[in-house]
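Coordinates from coords.txt are shown below (compact mmCIF, C-alpha atoms).
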# COMPACT_ATOMS: atom_id res chain seq x y z
CA MET A 610 84.24 108.75 129.36
CA ASN A 611 81.00 109.36 131.11
CA MET A 612 80.31 108.35 134.69
CA LYS A 613 78.31 105.22 133.80
CA LYS A 614 81.17 103.75 131.73
CA LYS A 615 83.69 104.49 134.50
CA LEU A 616 81.45 102.78 137.04
CA ILE A 617 81.06 99.69 134.82
CA LEU A 618 84.84 99.56 134.34
CA ILE A 619 85.44 99.80 138.11
CA VAL A 620 82.89 97.05 138.86
CA PHE A 621 84.41 94.82 136.18
CA ALA A 622 87.93 95.37 137.58
CA LEU A 623 86.76 94.53 141.11
CA PHE A 624 84.99 91.40 139.85
CA LEU A 625 88.09 90.27 137.95
CA GLY A 626 90.32 90.99 140.96
CA GLY A 627 87.98 89.00 143.20
CA ILE A 628 88.12 85.99 140.88
CA MET A 629 91.93 86.13 140.76
CA ALA A 630 92.13 86.39 144.57
CA PHE A 631 89.79 83.40 144.95
CA ILE A 632 91.86 81.27 142.56
CA THR A 633 95.08 82.20 144.38
CA TYR A 634 93.52 81.45 147.75
CA GLN A 635 92.31 78.02 146.58
CA LYS A 636 95.75 77.18 145.24
CA PHE A 637 97.59 78.01 148.47
CA LYS A 638 94.99 77.31 151.14
CA GLY A 639 96.80 74.21 152.43
CA PHE A 640 100.25 75.77 152.09
CA ASP A 641 102.37 75.16 155.19
CA GLY A 642 105.61 76.76 154.06
CA GLU A 643 107.00 73.81 152.07
CA ILE A 644 106.62 73.77 148.31
CA LEU A 645 105.36 70.25 147.78
CA GLY A 646 106.32 69.91 144.15
CA ASP A 647 109.93 71.10 144.33
CA VAL A 648 112.01 68.07 143.22
CA THR A 649 115.29 67.54 141.40
CA LEU A 650 115.38 65.88 138.00
CA TYR A 651 118.63 64.32 136.75
CA GLN A 652 118.81 64.71 132.99
CA LEU A 653 121.46 62.60 131.31
CA GLY A 654 121.12 64.11 127.85
CA VAL A 655 118.90 65.58 125.14
CA TYR A 656 119.00 64.18 121.62
CA GLU A 657 117.37 64.79 118.25
CA SER A 658 117.72 61.10 117.39
CA TYR A 659 115.82 58.43 119.27
CA GLU A 660 118.64 55.95 118.59
CA ASN A 661 121.18 58.24 120.29
CA ALA A 662 118.86 58.68 123.27
CA LEU A 663 118.44 54.91 123.54
CA ALA A 664 122.22 54.45 123.49
CA LYS A 665 122.56 56.93 126.37
CA LYS A 666 119.69 55.24 128.23
CA GLU A 667 121.59 51.95 128.11
CA SER A 668 124.49 53.57 129.97
CA PHE A 669 122.40 53.93 133.15
CA THR A 670 120.00 51.17 134.18
CA GLY A 671 116.74 52.66 135.27
CA SER A 672 116.80 55.75 133.07
CA LEU A 673 113.97 56.52 130.65
CA VAL A 674 113.66 58.31 127.32
CA VAL A 675 110.96 60.96 127.10
CA ASN A 676 109.90 62.66 123.87
CA LYS A 677 109.31 66.37 124.46
CA ASP A 678 108.93 68.84 121.60
CA ASN A 679 110.52 66.41 119.11
CA MET A 680 113.60 66.11 121.32
CA TYR A 681 114.43 62.96 123.25
CA GLN A 682 115.39 63.56 126.87
CA VAL A 683 117.11 60.84 128.86
CA ILE A 684 115.94 61.14 132.45
CA GLY A 685 118.10 59.41 135.04
CA ALA A 686 116.25 60.12 138.27
CA ILE A 687 113.78 62.31 140.14
CA VAL A 688 114.39 62.90 143.86
CA LYS A 689 113.29 65.26 146.59
CA SER A 690 115.46 64.49 149.62
CA GLU A 691 119.14 65.33 149.97
CA ALA A 692 119.90 61.75 151.12
CA CYS A 693 118.48 60.25 147.93
CA ALA A 694 120.11 62.93 145.79
CA LYS A 695 123.46 61.98 147.32
CA LYS A 696 122.86 58.27 146.59
CA ILE A 697 121.89 58.97 142.96
CA GLU A 698 124.87 61.30 142.44
CA GLU A 699 127.27 58.72 143.89
CA LEU A 700 125.79 56.05 141.62
CA LEU A 701 126.09 58.28 138.53
CA SER A 702 129.65 59.22 139.46
CA GLU A 703 130.65 55.58 139.97
CA GLU A 704 129.42 54.83 136.46
CA ASN A 705 131.13 57.96 135.02
CA ILE A 706 127.84 59.41 133.80
CA THR A 707 127.50 63.15 133.39
CA TYR A 708 124.18 64.72 134.29
CA TYR A 709 122.36 68.01 134.51
CA LYS A 710 120.31 68.72 137.64
CA LYS A 711 117.23 70.86 137.34
CA LYS A 712 114.48 71.77 139.75
CA ILE A 713 111.00 70.96 138.56
CA MET A 714 107.53 71.25 140.03
CA LEU A 715 105.27 68.23 140.38
CA ASN A 716 101.67 68.09 141.48
CA GLU A 717 100.95 67.02 145.05
CA GLU A 718 100.08 63.43 144.13
CA ASP A 719 103.31 62.87 142.19
CA THR A 720 105.37 64.58 144.90
CA LYS A 721 103.95 62.23 147.53
CA MET A 722 104.75 59.31 145.21
CA VAL A 723 108.38 60.50 145.03
CA GLU A 724 108.50 60.72 148.82
CA ASN A 725 107.12 57.17 149.16
CA TYR A 726 109.64 55.71 146.70
CA GLU A 727 112.40 57.58 148.50
CA LEU A 728 111.62 55.63 151.67
CA LEU A 729 112.59 52.52 149.70
CA MET A 730 115.60 54.22 148.08
CA GLU A 731 116.99 55.19 151.48
CA LYS A 732 116.90 51.54 152.56
CA ALA A 733 118.49 50.24 149.33
CA ASP A 734 121.81 48.66 150.20
CA ASN A 735 123.18 48.08 146.70
CA ALA A 736 123.25 49.77 143.30
CA ASP A 737 121.00 47.23 141.58
CA THR A 738 118.20 47.72 144.11
CA LEU A 739 118.53 51.50 143.94
CA GLU A 740 118.40 51.44 140.12
CA LEU A 741 115.32 49.21 140.14
CA ILE A 742 113.44 51.44 142.60
CA ASN A 743 114.49 54.50 140.62
CA GLN A 744 113.26 52.95 137.36
CA GLU A 745 109.85 52.15 138.85
CA LEU A 746 109.57 55.69 140.22
CA LEU A 747 110.38 57.20 136.82
CA LYS A 748 107.83 54.96 135.10
CA ALA A 749 105.17 56.02 137.59
CA ILE A 750 105.95 59.74 137.44
CA LEU A 751 106.61 60.00 133.71
CA LYS A 752 103.71 57.64 132.90
CA GLU A 753 105.97 55.43 130.80
CA GLY A 754 105.56 51.68 130.44

This entry written out as structure tokens:
Amino acid sequence: MNMKKKLILIVFALFLGGIMAFITYQKFKGFDGEILGDVTLYQLGVYESYENALAKKESFTGSLVVNKDNMYQVIGAIVKSEACAKKIEELLSEENITYYKKKIMLNEEDTKMVENYELLMEKADNADTLELINQELLKAILKEG
């Protein structure tokens, strides 16, 4: 390799590195130590058949069925705070519903929406109210009607 080609390669590498650094900086420039999108999703089941997913959905008022990669996921709840997680887990346990918890990332707008709905969930004094608030949150986050 002659000197001119090496120089072009070095300039290209610096340019590419600069672009990557700029993108990373823009992504984290408001970062204050808390990952905004870190929430817990309660999955009640995954099914190949829509009918089976609907049957599972009926077992927990407020859950939704989401089609992802030709599999039907039954989502029971999405929460961020420990207090709301405890309420949801108690509700699921009372109804003898098994679930799988998984951490997911949401964008900032959806995370703030979860936090706002959680203010209502924390004040819910009965299961019906909690299930209704949870259902509306899932519809809003999962963009389901």

List every residue of region 622-708 of chain A that has an atom at most 12 Å from any atom of region 718-741 of chain A, giving for each one its closest atom pair and the distance in Å to one decimal, counting all atoms listed in the file, sorted by chain and then by ascending residue number, as a Markdown table.
| residue | atom | partner | partner_atom | distance |
| --- | --- | --- | --- | --- |
| A:Glu643 | CA | A:Thr720 | CA | 11.8 |
| A:Ile644 | CA | A:Thr720 | CA | 9.9 |
| A:Leu645 | CA | A:Thr720 | CA | 6.4 |
| A:Gly646 | CA | A:Thr720 | CA | 5.5 |
| A:Asp647 | CA | A:Thr720 | CA | 8.0 |
| A:Val648 | CA | A:Thr720 | CA | 7.7 |
| A:Thr649 | CA | A:Val723 | CA | 10.5 |
| A:Leu650 | CA | A:Val723 | CA | 11.3 |
| A:Phe669 | CA | A:Glu740 | CA | 8.4 |
| A:Thr670 | CA | A:Glu740 | CA | 6.2 |
| A:Gly671 | CA | A:Glu740 | CA | 5.3 |
| A:Ser672 | CA | A:Glu740 | CA | 8.4 |
| A:Leu673 | CA | A:Glu740 | CA | 11.6 |
| A:Gly685 | CA | A:Glu740 | CA | 9.5 |
| A:Ala686 | CA | A:Glu740 | CA | 9.1 |
| A:Ile687 | CA | A:Val723 | CA | 7.5 |
| A:Val688 | CA | A:Val723 | CA | 6.6 |
| A:Lys689 | CA | A:Glu724 | CA | 7.0 |
| A:Ser690 | CA | A:Glu727 | CA | 7.6 |
| A:Glu691 | CA | A:Glu727 | CA | 10.4 |
| A:Ala692 | CA | A:Glu731 | CA | 7.2 |
| A:Cys693 | CA | A:Glu731 | CA | 6.4 |
| A:Ala694 | CA | A:Glu727 | CA | 9.8 |
| A:Lys695 | CA | A:Glu731 | CA | 10.3 |
| A:Lys696 | CA | A:Glu731 | CA | 8.2 |
| A:Ile697 | CA | A:Leu739 | CA | 8.2 |
| A:Glu698 | CA | A:Ala736 | CA | 11.7 |
| A:Glu699 | CA | A:Ala736 | CA | 9.8 |
| A:Leu700 | CA | A:Ala736 | CA | 7.0 |
| A:Leu701 | CA | A:Ala736 | CA | 10.2 |
| A:Glu703 | CA | A:Ala736 | CA | 10.0 |
| A:Glu704 | CA | A:Ala736 | CA | 10.5 |

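Each of A:Gln682, A:Leu623, A:Lys677, A:Glu717 was checked against Glu660 (chain A) using all atoms listed in the file; the smallest atom-to-atom distance is that of A:Gln682.
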
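CA of Tyr681 (chain A) sits 6.1 Å away from CA of Glu657 (chain A).
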
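The closest residue to Gln744 (chain A), picked from A:Leu715, A:Tyr659, A:Asn705, A:Ile684 and counting all atoms listed in the file, is A:Ile684.
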
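Note that the spacing between CA of Gln652 (chain A) and CA of Leu751 (chain A) amounts to 13.1 Å.
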
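Our summary of the geometry notes that CA of Leu653 (chain A) is positioned 6.4 Å from CA of Thr707 (chain A).
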
Adding 3 Å on each side of the box along x, y and z that holds all listed atoms of region 731-735 of chain A, could you give its centre and edge lengths in Å to one decimal, as lines of an AutoDock Vina configuration file?
center_x = 120.0
center_y = 51.6
center_z = 149.6
size_x = 12.3
size_y = 13.1
size_z = 11.9

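The environment of Ser658 (chain A) within 8 Å, counting all atoms listed in the file and disregarding residues fewer than 3 places along the same chain, consists of Asn661, Ala662, Met680 and Tyr681 of chain A.
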
Output of chain A limited to C-alpha atoms, as a PDB file, in the first residue's frame:
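File produced: part.pdb:
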ATOM      1  CA  MET A 610       0.000   0.000   0.000  1.00  0.00           C
ATOM      2  CA  ASN A 611       1.391   3.343  -0.900  1.00  0.00           C
ATOM      3  CA  MET A 612       1.331   6.355   1.384  1.00  0.00           C
ATOM      4  CA  LYS A 613      -1.654   8.033  -0.325  1.00  0.00           C
ATOM      5  CA  LYS A 614      -3.907   4.981   0.171  1.00  0.00           C
ATOM      6  CA  LYS A 615      -2.869   4.694   3.836  1.00  0.00           C
ATOM      7  CA  LEU A 616      -3.656   8.357   4.391  1.00  0.00           C
ATOM      8  CA  ILE A 617      -7.100   8.010   2.761  1.00  0.00           C
ATOM      9  CA  LEU A 618      -7.805   4.949   4.927  1.00  0.00           C
ATOM     10  CA  ILE A 619      -6.791   6.819   8.102  1.00  0.00           C
ATOM     11  CA  VAL A 620      -8.947   9.853   7.211  1.00  0.00           C
ATOM     12  CA  PHE A 621     -11.908   7.584   6.435  1.00  0.00           C
ATOM     13  CA  ALA A 622     -11.491   5.737   9.761  1.00  0.00           C
ATOM     14  CA  LEU A 623     -11.349   9.031  11.671  1.00  0.00           C
ATOM     15  CA  PHE A 624     -14.434  10.305   9.852  1.00  0.00           C
ATOM     16  CA  LEU A 625     -16.353   7.106  10.605  1.00  0.00           C
ATOM     17  CA  GLY A 626     -15.250   7.179  14.253  1.00  0.00           C
ATOM     18  CA  GLY A 627     -16.364  10.802  14.543  1.00  0.00           C
ATOM     19  CA  ILE A 628     -19.813   9.976  13.187  1.00  0.00           C
ATOM     20  CA  MET A 629     -20.189   7.060  15.613  1.00  0.00           C
ATOM     21  CA  ALA A 630     -19.085   9.243  18.547  1.00  0.00           C
ATOM     22  CA  PHE A 631     -21.596  11.944  17.547  1.00  0.00           C
ATOM     23  CA  ILE A 632     -24.455   9.433  17.341  1.00  0.00           C
ATOM     24  CA  THR A 633     -23.549   7.977  20.743  1.00  0.00           C
ATOM     25  CA  TYR A 634     -23.297  11.439  22.273  1.00  0.00           C
ATOM     26  CA  GLN A 635     -26.730  12.435  20.912  1.00  0.00           C
ATOM     27  CA  LYS A 636     -28.277   9.256  22.279  1.00  0.00           C
ATOM     28  CA  PHE A 637     -26.965   9.735  25.827  1.00  0.00           C
ATOM     29  CA  LYS A 638     -26.698  13.505  26.138  1.00  0.00           C
ATOM     30  CA  GLY A 639     -29.628  13.744  28.581  1.00  0.00           C
ATOM     31  CA  PHE A 640     -28.631  10.600  30.474  1.00  0.00           C
ATOM     32  CA  ASP A 641     -28.773  11.146  34.243  1.00  0.00           C
ATOM     33  CA  GLY A 642     -27.896   7.653  35.408  1.00  0.00           C
ATOM     34  CA  GLU A 643     -31.368   6.095  35.118  1.00  0.00           C
ATOM     35  CA  ILE A 644     -32.229   4.014  32.085  1.00  0.00           C
ATOM     36  CA  LEU A 645     -35.587   5.481  31.170  1.00  0.00           C
ATOM     37  CA  GLY A 646     -36.863   2.561  29.148  1.00  0.00           C
ATOM     38  CA  ASP A 647     -36.132  -0.272  31.571  1.00  0.00           C
ATOM     39  CA  VAL A 648     -39.565  -1.766  32.396  1.00  0.00           C
ATOM     40  CA  THR A 649     -40.906  -5.201  33.277  1.00  0.00           C
ATOM     41  CA  LEU A 650     -43.297  -6.997  30.966  1.00  0.00           C
ATOM     42  CA  TYR A 651     -45.496  -9.795  32.333  1.00  0.00           C
ATOM     43  CA  GLN A 652     -46.005 -12.393  29.624  1.00  0.00           C
ATOM     44  CA  LEU A 653     -48.765 -14.891  30.331  1.00  0.00           C
ATOM     45  CA  GLY A 654     -48.057 -17.186  27.401  1.00  0.00           C
ATOM     46  CA  VAL A 655     -46.976 -17.613  23.784  1.00  0.00           C
ATOM     47  CA  TYR A 656     -49.147 -19.571  21.362  1.00  0.00           C
ATOM     48  CA  GLU A 657     -49.133 -20.636  17.726  1.00  0.00           C
ATOM     49  CA  SER A 658     -52.928 -20.534  17.650  1.00  0.00           C
ATOM     50  CA  TYR A 659     -54.842 -17.290  18.029  1.00  0.00           C
ATOM     51  CA  GLU A 660     -57.741 -19.188  19.618  1.00  0.00           C
ATOM     52  CA  ASN A 661     -55.464 -20.557  22.363  1.00  0.00           C
ATOM     53  CA  ALA A 662     -54.060 -17.078  22.987  1.00  0.00           C
ATOM     54  CA  LEU A 663     -57.591 -15.673  23.258  1.00  0.00           C
ATOM     55  CA  ALA A 664     -58.512 -18.380  25.765  1.00  0.00           C
ATOM     56  CA  LYS A 665     -55.510 -17.423  27.906  1.00  0.00           C
ATOM     57  CA  LYS A 666     -56.347 -13.718  27.536  1.00  0.00           C
ATOM     58  CA  GLU A 667     -59.792 -14.390  29.000  1.00  0.00           C
ATOM     59  CA  SER A 668     -58.164 -15.752  32.170  1.00  0.00           C
ATOM     60  CA  PHE A 669     -56.826 -12.297  33.109  1.00  0.00           C
ATOM     61  CA  THR A 670     -58.955  -9.209  32.522  1.00  0.00           C
ATOM     62  CA  GLY A 671     -56.855  -6.479  31.025  1.00  0.00           C
ATOM     63  CA  SER A 672     -54.390  -8.666  29.156  1.00  0.00           C
ATOM     64  CA  LEU A 673     -53.843  -8.290  25.415  1.00  0.00           C
ATOM     65  CA  VAL A 674     -52.840 -10.604  22.574  1.00  0.00           C
ATOM     66  CA  VAL A 675     -49.990  -9.394  20.381  1.00  0.00           C
ATOM     67  CA  ASN A 676     -48.958 -11.070  17.123  1.00  0.00           C
ATOM     68  CA  LYS A 677     -45.173 -11.170  16.842  1.00  0.00           C
ATOM     69  CA  ASP A 678     -43.391 -13.297  14.240  1.00  0.00           C
ATOM     70  CA  ASN A 679     -46.511 -15.448  13.668  1.00  0.00           C
ATOM     71  CA  MET A 680     -46.685 -16.252  17.380  1.00  0.00           C
ATOM     72  CA  TYR A 681     -49.382 -14.874  19.645  1.00  0.00           C
ATOM     73  CA  GLN A 682     -48.096 -13.449  22.915  1.00  0.00           C
ATOM     74  CA  VAL A 683     -50.482 -12.795  25.779  1.00  0.00           C
ATOM     75  CA  ILE A 684     -49.214  -9.747  27.643  1.00  0.00           C
ATOM     76  CA  GLY A 685     -50.560  -9.280  31.155  1.00  0.00           C
ATOM     77  CA  ALA A 686     -48.902  -6.057  32.260  1.00  0.00           C
ATOM     78  CA  ILE A 687     -46.056  -3.595  31.807  1.00  0.00           C
ATOM     79  CA  VAL A 688     -44.711  -1.843  34.922  1.00  0.00           C
ATOM     80  CA  LYS A 689     -41.667   0.104  36.006  1.00  0.00           C
ATOM     81  CA  SER A 690     -41.986   0.604  39.765  1.00  0.00           C
ATOM     82  CA  GLU A 691     -41.559  -2.089  42.393  1.00  0.00           C
ATOM     83  CA  ALA A 692     -44.848  -1.054  44.070  1.00  0.00           C
ATOM     84  CA  CYS A 693     -46.842  -1.650  40.894  1.00  0.00           C
ATOM     85  CA  ALA A 694     -44.950  -4.850  40.150  1.00  0.00           C
ATOM     86  CA  LYS A 695     -45.943  -6.126  43.598  1.00  0.00           C
ATOM     87  CA  LYS A 696     -49.610  -5.236  42.993  1.00  0.00           C
ATOM     88  CA  ILE A 697     -49.643  -6.976  39.589  1.00  0.00           C
ATOM     89  CA  GLU A 698     -47.891 -10.071  40.969  1.00  0.00           C
ATOM     90  CA  GLU A 699     -50.352 -10.297  43.872  1.00  0.00           C
ATOM     91  CA  LEU A 700     -53.260  -9.984  41.446  1.00  0.00           C
ATOM     92  CA  LEU A 701     -51.856 -12.689  39.153  1.00  0.00           C
ATOM     93  CA  SER A 702     -51.182 -14.968  42.123  1.00  0.00           C
ATOM     94  CA  GLU A 703     -54.707 -14.489  43.494  1.00  0.00           C
ATOM     95  CA  GLU A 704     -56.080 -15.606  40.135  1.00  0.00           C
ATOM     96  CA  ASN A 705     -53.602 -18.537  39.924  1.00  0.00           C
ATOM     97  CA  ILE A 706     -52.068 -17.242  36.703  1.00  0.00           C
ATOM     98  CA  THR A 707     -48.506 -18.165  35.839  1.00  0.00           C
ATOM     99  CA  TYR A 708     -46.371 -15.535  34.155  1.00  0.00           C
ATOM    100  CA  TYR A 709     -42.920 -14.865  32.815  1.00  0.00           C
ATOM    101  CA  LYS A 710     -41.258 -11.554  33.710  1.00  0.00           C
ATOM    102  CA  LYS A 711     -38.878  -9.997  31.254  1.00  0.00           C
ATOM    103  CA  LYS A 712     -37.104  -6.678  31.136  1.00  0.00           C
ATOM    104  CA  ILE A 713     -37.721  -4.663  28.005  1.00  0.00           C
ATOM    105  CA  MET A 714     -36.673  -1.253  26.769  1.00  0.00           C
ATOM    106  CA  LEU A 715     -39.224   1.379  25.800  1.00  0.00           C
ATOM    107  CA  ASN A 716     -38.653   4.756  24.244  1.00  0.00           C
ATOM    108  CA  GLU A 717     -38.772   7.800  26.509  1.00  0.00           C
ATOM    109  CA  GLU A 718     -42.343   8.745  25.571  1.00  0.00           C
ATOM    110  CA  ASP A 719     -43.735   5.279  26.329  1.00  0.00           C
ATOM    111  CA  THR A 720     -41.724   5.045  29.555  1.00  0.00           C
ATOM    112  CA  LYS A 721     -43.211   8.327  30.771  1.00  0.00           C
ATOM    113  CA  MET A 722     -46.656   6.993  29.847  1.00  0.00           C
ATOM    114  CA  VAL A 723     -46.005   3.903  32.013  1.00  0.00           C
ATOM    115  CA  GLU A 724     -44.940   6.150  34.889  1.00  0.00           C
ATOM    116  CA  ASN A 725     -48.116   8.252  34.546  1.00  0.00           C
ATOM    117  CA  TYR A 726     -50.400   5.205  34.517  1.00  0.00           C
ATOM    118  CA  GLU A 727     -48.534   3.840  37.523  1.00  0.00           C
ATOM    119  CA  LEU A 728     -49.595   6.895  39.529  1.00  0.00           C
ATOM    120  CA  LEU A 729     -53.164   5.700  39.001  1.00  0.00           C
ATOM    121  CA  MET A 730     -52.276   2.047  39.645  1.00  0.00           C
ATOM    122  CA  GLU A 731     -50.732   2.931  43.002  1.00  0.00           C
ATOM    123  CA  LYS A 732     -53.993   4.567  44.072  1.00  0.00           C
ATOM    124  CA  ALA A 733     -56.185   1.679  42.840  1.00  0.00           C
ATOM    125  CA  ASP A 734     -57.928   0.172  45.842  1.00  0.00           C
ATOM    126  CA  ASN A 735     -59.467  -2.908  44.206  1.00  0.00           C
ATOM    127  CA  ALA A 736     -58.621  -5.509  41.571  1.00  0.00           C
ATOM    128  CA  ASP A 737     -61.185  -4.314  39.029  1.00  0.00           C
ATOM    129  CA  THR A 738     -59.785  -0.779  39.004  1.00  0.00           C
ATOM    130  CA  LEU A 739     -56.215  -2.047  38.760  1.00  0.00           C
ATOM    131  CA  GLU A 740     -57.127  -4.351  35.847  1.00  0.00           C
ATOM    132  CA  LEU A 741     -58.892  -1.519  34.009  1.00  0.00           C
ATOM    133  CA  ILE A 742     -55.946   0.869  34.392  1.00  0.00           C
ATOM    134  CA  ASN A 743     -53.570  -1.902  33.343  1.00  0.00           C
ATOM    135  CA  GLN A 744     -55.659  -2.670  30.247  1.00  0.00           C
ATOM    136  CA  GLU A 745     -55.664   0.979  29.159  1.00  0.00           C
ATOM    137  CA  LEU A 746     -51.895   1.184  29.669  1.00  0.00           C
ATOM    138  CA  LEU A 747     -51.326  -1.924  27.547  1.00  0.00           C
ATOM    139  CA  LYS A 748     -53.564  -0.583  24.775  1.00  0.00           C
ATOM    140  CA  ALA A 749     -51.638   2.685  24.767  1.00  0.00           C
ATOM    141  CA  ILE A 750     -48.170   1.107  24.837  1.00  0.00           C
ATOM    142  CA  LEU A 751     -48.866  -1.795  22.485  1.00  0.00           C
ATOM    143  CA  LYS A 752     -50.968   0.408  20.169  1.00  0.00           C
ATOM    144  CA  GLU A 753     -53.860  -2.036  20.312  1.00  0.00           C
ATOM    145  CA  GLY A 754     -57.511  -1.042  20.106  1.00  0.00           C
TER     146      GLY A 754
END
